[in-house]
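K.L.:
Can you keep this structure in mind? I'll have questions shortly.
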Amino acid sequence: MQNLQYAADRLQQVRHRIAQAEQCAGRTPDSVRLIGASKKQTAELLKAFCQNGLSDLGENYLQEALDKKEELTGFSVNWHFIGAIQSNKTALIARNFDWVHSVDRQKIARRLAEQFTSTEVLPKLNILLQINLDNEDTKAGITAQSIRPTLESIQGFSNIDCRGFMLIPAPRDSALEQRKIFATARSLLEDTNQEFGLQMDSLSMGMSNDLEAAIAEGSTMIRIGTDLFGARPAS
Ligand SMILES: *Cc1c(COP(=O)(O)O)cnc(C)c1O
């Protein structure tokens, strides 16, 4: 019971922030999908959020996610994988998630695509290319120059659908600087669509402290952890 009230309050607060940001940006209400970034949170707590209408969960660690999926059997959840991907885990990830946001190198895109045989009738796996626009060598992600070979490497695989980009920018000092990097991602998506004749429609960008900037620049999915669920329990 306690959890239910807590979840209702938290959800209402975050949804209010999203609605305001949508309105400020002149965007259609409910055009941004809220994904609960639920790493380290207990299945018990997540159930309370799902009972209050949260329909999307993003997990970073495969085994933890599979355990939670089992505990949340019976709840209608869209599962998103948002963590670092080891290439020997691509089969399990492809078969257990609706979306994979963190495709951060060509090899992973290709391996996810190859998991399905052409005769299998399954819902398509939605993937997003995690783009590195900060050009830091230490950061995970596909650089702007590597988008083309990555898309080409998964052409012809019918069970995988590249829906757009995901971004985790380095922290910025001001809202203006935050907006700049998100705007760059959006125009890169538009340019890529034009060049390849695609209709990619998704931008996964925006977390607790920059969701307003992300929504102003066209984000379609935001990933909120702490501001939604509270601090993560120490592991
Ligand atoms: C943890 C995480 C988030 C959410 O971060 P918070 O600061 O807790 O809101 C978003 N995206 C990714 C990829 C994450 O790993």
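In the structure tokens, chains take letters A, B, ... by order of appearance, with residues numbered from 1 within each chain and ligands from 1 in the order shown.
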Within 10 Å of Arg148 (chain A), counting only C-alpha atoms, which residues show up once you throw out same-chain ones fewer than 2 positions away? Write them as a compact mmCIF listing (two decimals) with C-alpha atoms, in the first residue's frame, please.
P.N.:
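Saved as out-v4.txt:
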# COMPACT_ATOMS: atom_id res chain seq x y z
CA GLN A 106 28.53 -1.96 -35.60
CA THR A 143 30.37 8.36 -34.17
CA ALA A 144 28.54 10.34 -36.83
CA GLN A 145 30.90 8.92 -39.48
CA SER A 146 30.13 5.33 -38.47
CA THR A 150 26.36 0.44 -39.29
CA LEU A 151 23.04 0.94 -41.09
CA GLU A 152 24.39 -0.79 -44.18
CA SER A 153 25.48 -3.79 -42.15
CA THR A 192 20.32 10.28 -42.05
CA GLU A 195 20.27 10.19 -47.14
CA PHE A 196 19.01 6.63 -46.70
K.L.:
At a cut-off of 8 Å and counting only C-alpha atoms and all ligand atoms, what residues surround ligand 1? Please answer as an MDAnalysis selection string.
P.N.:
chainID A and resid 36:39 58:60 82:83 102 168 206:209 222:228 231:232
K.L.:
Restricted to N, CA, C and O atoms, what would the selected residues look like written as a compact mmCIF listing (two decimals), in the first residue's frame?
P.N.:
# COMPACT_ATOMS: atom_id res chain seq x y z
N GLY A 36 10.98 4.22 -17.32
CA GLY A 36 11.55 4.16 -15.98
C GLY A 36 12.88 3.44 -16.03
O GLY A 36 12.94 2.27 -16.38
N ALA A 37 13.98 4.17 -15.73
CA ALA A 37 15.31 3.54 -15.71
C ALA A 37 15.45 2.83 -14.37
O ALA A 37 15.77 3.45 -13.36
N SER A 38 15.19 1.54 -14.37
CA SER A 38 14.88 0.83 -13.13
C SER A 38 16.00 -0.04 -12.58
O SER A 38 15.76 -0.89 -11.72
N LYS A 39 17.23 0.16 -13.05
CA LYS A 39 18.33 -0.65 -12.52
C LYS A 39 18.39 -0.53 -11.00
O LYS A 39 18.18 0.55 -10.45
N GLY A 58 13.33 0.40 -18.40
CA GLY A 58 14.64 0.28 -19.04
C GLY A 58 15.63 -0.31 -18.06
O GLY A 58 15.79 0.20 -16.96
N GLU A 59 16.28 -1.38 -18.47
CA GLU A 59 17.22 -2.07 -17.57
C GLU A 59 18.62 -2.07 -18.17
O GLU A 59 18.79 -2.11 -19.39
N ASN A 60 19.63 -2.08 -17.28
CA ASN A 60 21.03 -2.02 -17.72
C ASN A 60 21.76 -3.36 -17.64
O ASN A 60 22.78 -3.53 -18.30
N ILE A 82 19.00 -0.72 -21.90
CA ILE A 82 19.69 0.58 -22.02
C ILE A 82 21.13 0.54 -21.52
O ILE A 82 21.77 1.57 -21.41
N GLY A 83 21.63 -0.65 -21.21
CA GLY A 83 22.97 -0.75 -20.64
C GLY A 83 24.02 -1.19 -21.65
O GLY A 83 23.72 -1.49 -22.81
N SER A 102 20.98 0.79 -26.62
CA SER A 102 22.41 0.99 -26.41
C SER A 102 23.27 0.24 -27.43
O SER A 102 24.28 -0.35 -27.06
N ILE A 168 23.59 9.89 -24.68
CA ILE A 168 23.91 10.20 -23.28
C ILE A 168 25.03 11.25 -23.32
O ILE A 168 26.20 10.91 -23.30
N GLY A 206 17.35 12.54 -22.85
CA GLY A 206 16.76 13.24 -21.73
C GLY A 206 16.72 12.34 -20.51
O GLY A 206 16.25 11.21 -20.58
N MET A 207 17.30 12.83 -19.42
CA MET A 207 17.26 12.14 -18.14
C MET A 207 16.75 13.15 -17.10
O MET A 207 16.23 14.20 -17.47
N SER A 208 16.90 12.81 -15.83
CA SER A 208 16.30 13.65 -14.79
C SER A 208 16.67 15.13 -14.93
O SER A 208 15.81 16.00 -14.81
N ASN A 209 17.94 15.42 -15.19
CA ASN A 209 18.34 16.83 -15.13
C ASN A 209 18.37 17.55 -16.48
O ASN A 209 18.76 18.71 -16.53
N ILE A 222 12.19 9.57 -22.90
CA ILE A 222 13.12 9.99 -21.87
C ILE A 222 13.30 8.87 -20.86
O ILE A 222 12.39 8.08 -20.62
N ARG A 223 14.50 8.77 -20.32
CA ARG A 223 14.85 7.69 -19.39
C ARG A 223 15.09 8.28 -18.01
O ARG A 223 16.09 8.97 -17.79
N ILE A 224 14.16 8.04 -17.10
CA ILE A 224 14.24 8.67 -15.78
C ILE A 224 14.38 7.59 -14.70
O ILE A 224 13.56 6.67 -14.60
N GLY A 225 15.44 7.73 -13.91
CA GLY A 225 15.67 6.79 -12.82
C GLY A 225 15.35 7.42 -11.48
O GLY A 225 14.24 7.32 -10.96
N THR A 226 16.35 8.11 -10.92
CA THR A 226 16.25 8.66 -9.57
C THR A 226 15.02 9.54 -9.36
O THR A 226 14.34 9.43 -8.34
N ASP A 227 14.72 10.43 -10.28
CA ASP A 227 13.59 11.34 -10.08
C ASP A 227 12.25 10.61 -10.08
O ASP A 227 11.26 11.14 -9.59
N LEU A 228 12.24 9.41 -10.60
CA LEU A 228 10.99 8.65 -10.62
C LEU A 228 10.91 7.69 -9.44
O LEU A 228 9.96 7.72 -8.65
N ALA A 231 16.27 7.31 -4.86
CA ALA A 231 17.66 6.87 -4.92
C ALA A 231 17.72 5.35 -5.07
O ALA A 231 16.86 4.64 -4.56
N ARG A 232 18.72 4.89 -5.81
CA ARG A 232 18.87 3.44 -5.96
C ARG A 232 19.40 2.83 -4.68
O ARG A 232 20.32 3.39 -4.06
K.L.:
DSSP on the backbone: what in region 8-214 of chain A comes out strand (DSSP E), as number ranges by chain?
P.N.:
A: 33-37, 56-59, 78-81, 99-103, 125-131, 160-167, 202-204
K.L.:
With N, CA, C and O atoms retained, write the just-selected residues as a CSV table (one decimal), in the first residue's frame.
P.N.:
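Final output, saved to selection_20.csv:
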chain,number,residue,atom,x,y,z
A,33,ARG,N,7.5,9.4,-24.6
A,33,ARG,CA,7.3,8.2,-23.8
A,33,ARG,C,8.2,8.2,-22.6
A,33,ARG,O,9.4,8.4,-22.7
A,34,LEU,N,7.6,7.9,-21.5
A,34,LEU,CA,8.4,7.9,-20.2
A,34,LEU,C,8.9,6.4,-20.0
A,34,LEU,O,8.1,5.5,-19.9
A,35,ILE,N,10.2,6.3,-19.9
A,35,ILE,CA,10.8,5.0,-19.6
A,35,ILE,C,11.4,5.1,-18.2
A,35,ILE,O,12.2,6.0,-17.9
A,36,GLY,N,11.0,4.2,-17.3
A,36,GLY,CA,11.6,4.2,-16.0
A,36,GLY,C,12.9,3.4,-16.0
A,36,GLY,O,12.9,2.3,-16.4
A,37,ALA,N,14.0,4.2,-15.7
A,37,ALA,CA,15.3,3.5,-15.7
A,37,ALA,C,15.4,2.8,-14.4
A,37,ALA,O,15.8,3.4,-13.4
A,56,ASP,N,6.7,1.3,-19.4
A,56,ASP,CA,8.0,1.1,-20.0
A,56,ASP,C,9.1,1.1,-19.0
A,56,ASP,O,9.2,2.0,-18.2
A,57,LEU,N,9.9,0.0,-19.0
A,57,LEU,CA,11.0,-0.1,-18.0
A,57,LEU,C,12.3,-0.3,-18.8
A,57,LEU,O,12.3,-1.1,-19.8
A,58,GLY,N,13.3,0.4,-18.4
A,58,GLY,CA,14.6,0.3,-19.0
A,58,GLY,C,15.6,-0.3,-18.1
A,58,GLY,O,15.8,0.2,-17.0
A,59,GLU,N,16.3,-1.4,-18.5
A,59,GLU,CA,17.2,-2.1,-17.6
A,59,GLU,C,18.6,-2.1,-18.2
A,59,GLU,O,18.8,-2.1,-19.4
A,78,ASN,N,6.6,-2.8,-21.6
A,78,ASN,CA,7.5,-2.8,-22.7
A,78,ASN,C,8.9,-2.8,-22.1
A,78,ASN,O,9.2,-1.9,-21.3
A,79,TRP,N,9.7,-3.7,-22.5
A,79,TRP,CA,11.1,-3.8,-21.9
A,79,TRP,C,12.1,-3.2,-22.8
A,79,TRP,O,12.2,-3.5,-24.0
A,80,HIS,N,12.9,-2.3,-22.2
A,80,HIS,CA,14.0,-1.6,-23.0
A,80,HIS,C,15.3,-2.0,-22.4
A,80,HIS,O,15.5,-1.9,-21.2
A,81,PHE,N,16.3,-2.3,-23.3
A,81,PHE,CA,17.6,-2.6,-22.8
A,81,PHE,C,18.4,-1.3,-23.0
A,81,PHE,O,18.5,-0.8,-24.1
A,99,TRP,N,12.8,-3.2,-27.1
A,99,TRP,CA,13.7,-2.1,-27.6
A,99,TRP,C,15.1,-2.3,-27.1
A,99,TRP,O,15.3,-2.7,-25.9
A,100,VAL,N,16.1,-2.1,-27.9
A,100,VAL,CA,17.5,-2.0,-27.4
A,100,VAL,C,18.0,-0.6,-27.8
A,100,VAL,O,18.2,-0.3,-29.0
A,101,HIS,N,18.3,0.2,-26.8
A,101,HIS,CA,18.7,1.6,-27.0
A,101,HIS,C,20.2,1.7,-27.2
A,101,HIS,O,20.7,2.7,-27.7
A,102,SER,N,21.0,0.8,-26.6
A,102,SER,CA,22.4,1.0,-26.4
A,102,SER,C,23.3,0.2,-27.4
A,102,SER,O,24.3,-0.3,-27.1
A,103,VAL,N,22.9,0.3,-28.7
A,103,VAL,CA,23.6,-0.4,-29.7
A,103,VAL,C,24.8,0.6,-30.1
A,103,VAL,O,24.6,1.6,-30.8
A,125,LEU,N,12.4,-6.5,-33.6
A,125,LEU,CA,13.2,-5.9,-32.5
A,125,LEU,C,13.5,-4.4,-32.9
A,125,LEU,O,14.1,-4.2,-33.9
A,126,ASN,N,13.1,-3.5,-32.0
A,126,ASN,CA,13.4,-2.1,-32.3
A,126,ASN,C,14.8,-1.8,-31.7
A,126,ASN,O,15.0,-2.0,-30.5
A,127,ILE,N,15.6,-1.2,-32.5
A,127,ILE,CA,16.9,-0.8,-32.0
A,127,ILE,C,17.2,0.7,-32.2
A,127,ILE,O,16.6,1.3,-33.1
A,128,LEU,N,18.0,1.3,-31.3
A,128,LEU,CA,18.5,2.6,-31.5
A,128,LEU,C,20.0,2.6,-31.5
A,128,LEU,O,20.6,1.8,-30.8
A,129,LEU,N,20.6,3.4,-32.3
A,129,LEU,CA,22.0,3.5,-32.3
A,129,LEU,C,22.4,4.5,-31.3
A,129,LEU,O,21.9,5.7,-31.3
A,130,GLN,N,23.3,4.1,-30.3
A,130,GLN,CA,23.8,5.0,-29.3
A,130,GLN,C,24.9,5.9,-30.0
A,130,GLN,O,25.9,5.3,-30.3
A,131,ILE,N,24.6,7.2,-30.1
A,131,ILE,CA,25.5,8.0,-30.8
A,131,ILE,C,26.4,8.8,-29.9
A,131,ILE,O,26.0,9.3,-28.8
A,160,ILE,N,14.6,-6.8,-37.7
A,160,ILE,CA,15.2,-5.7,-36.9
A,160,ILE,C,14.9,-4.4,-37.5
A,160,ILE,O,14.8,-4.2,-38.7
A,161,ASP,N,14.5,-3.4,-36.7
A,161,ASP,CA,14.0,-2.2,-37.2
A,161,ASP,C,14.8,-1.1,-36.4
A,161,ASP,O,14.7,-0.9,-35.2
A,162,CYS,N,15.7,-0.4,-37.2
A,162,CYS,CA,16.4,0.7,-36.6
A,162,CYS,C,15.5,1.9,-36.5
A,162,CYS,O,15.1,2.5,-37.5
A,163,ARG,N,15.2,2.3,-35.3
A,163,ARG,CA,14.1,3.4,-35.1
A,163,ARG,C,14.7,4.8,-34.9
A,163,ARG,O,14.0,5.7,-34.9
A,164,GLY,N,16.0,4.9,-34.6
A,164,GLY,CA,16.6,6.2,-34.4
A,164,GLY,C,17.8,6.1,-33.6
A,164,GLY,O,18.6,5.1,-33.6
A,165,PHE,N,18.0,7.2,-32.8
A,165,PHE,CA,19.3,7.3,-32.0
A,165,PHE,C,19.0,7.5,-30.5
A,165,PHE,O,17.9,7.9,-30.1
A,166,MET,N,20.0,7.1,-29.7
A,166,MET,CA,20.0,7.3,-28.3
A,166,MET,C,21.2,8.1,-27.9
A,166,MET,O,22.3,7.9,-28.6
A,167,LEU,N,21.1,9.0,-27.0
A,167,LEU,CA,22.2,9.9,-26.7
A,167,LEU,C,22.3,10.0,-25.1
A,167,LEU,O,21.4,10.1,-24.4
A,202,SER,N,12.5,8.0,-33.8
A,202,SER,CA,12.7,7.9,-32.3
A,202,SER,C,14.1,8.6,-31.9
A,202,SER,O,15.1,8.3,-32.5
A,203,LEU,N,14.0,9.3,-30.9
A,203,LEU,CA,15.2,9.9,-30.2
A,203,LEU,C,15.1,9.6,-28.7
A,203,LEU,O,14.2,10.2,-28.1
A,204,SER,N,15.9,8.8,-28.2
A,204,SER,CA,15.9,8.5,-26.8
A,204,SER,C,17.0,9.4,-26.2
A,204,SER,O,18.2,9.2,-26.2
K.L.:
Figure out the distance between CA of Met221 (chain A) and CA of Ser87 (chain A), please, to one decimal in Å.
P.N.:
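One can read the CA of Ser87 (chain A) to CA of Met221 (chain A) distance as 25.0 Å.
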K.L.:
Hey, can you check how far CA of Ile85 (chain A) sits from CA of Asn193 (chain A)?
P.N.:
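Calculated distance between CA of Ile85 (chain A) and CA of Asn193 (chain A) is 25.4 Å.
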K.L.:
Assign secondary structure with DSSP using the backbone only, and return the residues of region 73-109 of chain A in helix (DSSP H, G or I) as a ChimeraX atom specification.
P.N.:
/A:87-96,106-109
K.L.:
Need to verify the contact set: Asn132 (chain A), 7 Å, only C-alpha atoms, exclusion of same-chain residues closer than 5 positions in sequence. Can you return it as a VMD selection string?
P.N.:
chain A and resid 139 to 143
K.L.:
Point out the residue among A:Tyr61, A:Phe75, A:Tyr6, A:Phe182 with the least atom-to-atom distance to Leu92 (chain A), counting only C-alpha atoms.
P.N.:
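Distance minimum relative to Leu92 (chain A) lands on A:Tyr61.
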